[in-house]
Amino acid sequence: MAFKETTTIPYTPKQVFSGLTNRDFHVYAADAFRADLDEFSVMPHEPTSDDTVSVNIQRTVNGEDFANKLPSAVQRFAKGRVAIEQTEAWSAAADDGARDANATIKVPMAKATATATIKLYPTEDGSGTVVETEGSVKSTIPLMGSKIAQLAEPQVGKFLNGLTKKLEAWLKEH
């Protein structure tokens, strides 16, 4: 099983990418998701359209906020603060502003890793950006890993899609 989410927002790919690589947006999103943004970095610091870009995001969430949604056998992995490590490797922008990223999201406590591709490209009429996210989750916990991955995949897809929706709201304010 894998996840695939598609959202369209009324901003150019350049604006969307600029938001996704902005620390203030990630602080805003972390607050909305009741998480802490522990670390955020973008290389190069002020990317141009010709640059490939690396993004590193470290968050922590309160495991008790979502533990009750997990099967009882897995709930023990969601105690206390749960670290989430996210890295993104973005391509340089195409002539129309489109960009692709390979993203990795790790939850060390659950020995789970999600890999995803994120694509930003202009809508046909040029009035916005289509954001496509597609990926899968693997967990290496013996006996329960496949169950954890199966439960996590839709949640990771919803989280990444939720980030796009938070970005739309943030861009309206900035």
# chains A, B, ... in the order shown; residues from 1 in each chain; ligands from 1
$ select_by_dssp --residues "segment 17-172 of chain A" --states "strand (DSSP E)" --output "short mmCIF file (atom, residue, chain, number, x, y, z; two decimals) with C-alpha atoms, in the first residue's frame"
data_model
loop_
_atom_site.label_atom_id
_atom_site.label_comp_id
_atom_site.auth_asym_id
_atom_site.auth_seq_id
_atom_site.Cartn_x
_atom_site.Cartn_y
_atom_site.Cartn_z
CA ALA A 35 4.46 20.12 17.10
CA ASP A 36 7.77 21.78 17.91
CA LEU A 37 10.13 22.84 15.15
CA ASP A 38 13.50 21.84 16.61
CA GLU A 39 15.67 22.46 13.57
CA PHE A 40 15.26 23.92 10.09
CA SER A 41 17.85 24.56 7.43
CA VAL A 42 17.94 25.29 3.70
CA MET A 43 21.04 25.00 1.52
CA VAL A 53 18.04 22.86 -2.79
CA SER A 54 18.37 20.71 0.33
CA VAL A 55 15.92 21.18 3.20
CA ASN A 56 16.31 19.63 6.66
CA ILE A 57 13.39 19.77 9.11
CA GLN A 58 13.38 18.26 12.62
CA ARG A 59 10.10 18.24 14.55
CA THR A 60 8.84 16.65 17.73
CA VAL A 61 5.24 15.84 18.55
CA ASN A 62 3.53 14.60 21.67
CA ARG A 81 7.96 13.28 22.62
CA VAL A 82 8.29 11.62 19.21
CA ALA A 83 11.01 12.94 16.88
CA ILE A 84 10.28 13.31 13.16
CA GLU A 85 13.20 13.91 10.80
CA GLN A 86 12.41 15.20 7.30
CA THR A 87 14.83 15.85 4.45
CA GLU A 88 14.01 17.11 0.98
CA ALA A 89 16.23 17.31 -2.09
CA TRP A 90 14.69 19.74 -4.61
CA ARG A 99 10.22 21.58 -9.25
CA ASP A 100 10.49 18.02 -7.97
CA ALA A 101 11.75 16.77 -4.63
CA ASN A 102 12.73 13.46 -3.13
CA ALA A 103 11.64 13.53 0.50
CA THR A 104 12.44 11.22 3.37
CA ILE A 105 10.59 11.29 6.68
CA LYS A 106 11.97 9.19 9.54
CA VAL A 107 10.41 8.38 12.88
CA ALA A 112 9.74 3.89 10.30
CA THR A 113 10.82 5.66 7.15
CA ALA A 114 8.61 7.25 4.51
CA THR A 115 9.98 8.06 1.09
CA ALA A 116 8.06 10.36 -1.19
CA THR A 117 8.28 12.43 -4.32
CA ILE A 118 6.81 15.90 -4.30
CA LYS A 119 6.02 17.64 -7.58
CA LEU A 120 5.10 21.29 -7.98
CA TYR A 121 3.88 22.41 -11.40
CA PRO A 122 1.65 25.17 -12.74
CA THR A 129 0.13 25.19 -8.60
CA VAL A 130 -0.61 21.50 -8.50
CA VAL A 131 1.19 19.78 -5.62
CA GLU A 132 1.48 15.99 -6.05
CA THR A 133 2.87 13.83 -3.28
CA GLU A 134 3.38 10.10 -3.69
CA GLY A 135 5.26 7.61 -1.55
CA SER A 136 5.34 4.71 0.84
CA VAL A 137 6.31 3.82 4.41
CA LYS A 138 8.44 1.01 5.78
CA SER A 139 9.01 -0.01 9.39
#
$ closest_residue --among "A:Pro108, A:Leu163, A:Ala2, A:Pro13" --to "Ala92 of chain A" --atoms "only C-alpha atoms"
A:Pro13
$ closest_residue --among "A:Trp170, A:Val156, A:Gly162, A:Thr8" --to "Glu124 of chain A" --atoms "only C-alpha atoms"
A:Thr8
$ closest_residue --among "A:Glu5, A:Glu46, A:Asp51, A:Asp24" --to "Glu173 of chain A" --atoms "only C-alpha atoms"
A:Asp24
$ select_by_dssp --residues "chain A" --states "alpha helix (DSSP H)" --output "ChimeraX atom specification"
/A:13-20,23-32,64-67,72-75,145-173
$ closest_residue --among "A:Pro44, A:His174, A:Ala110, A:Gly97" --to "Gly63 of chain A" --atoms "only C-alpha atoms"
A:Ala110
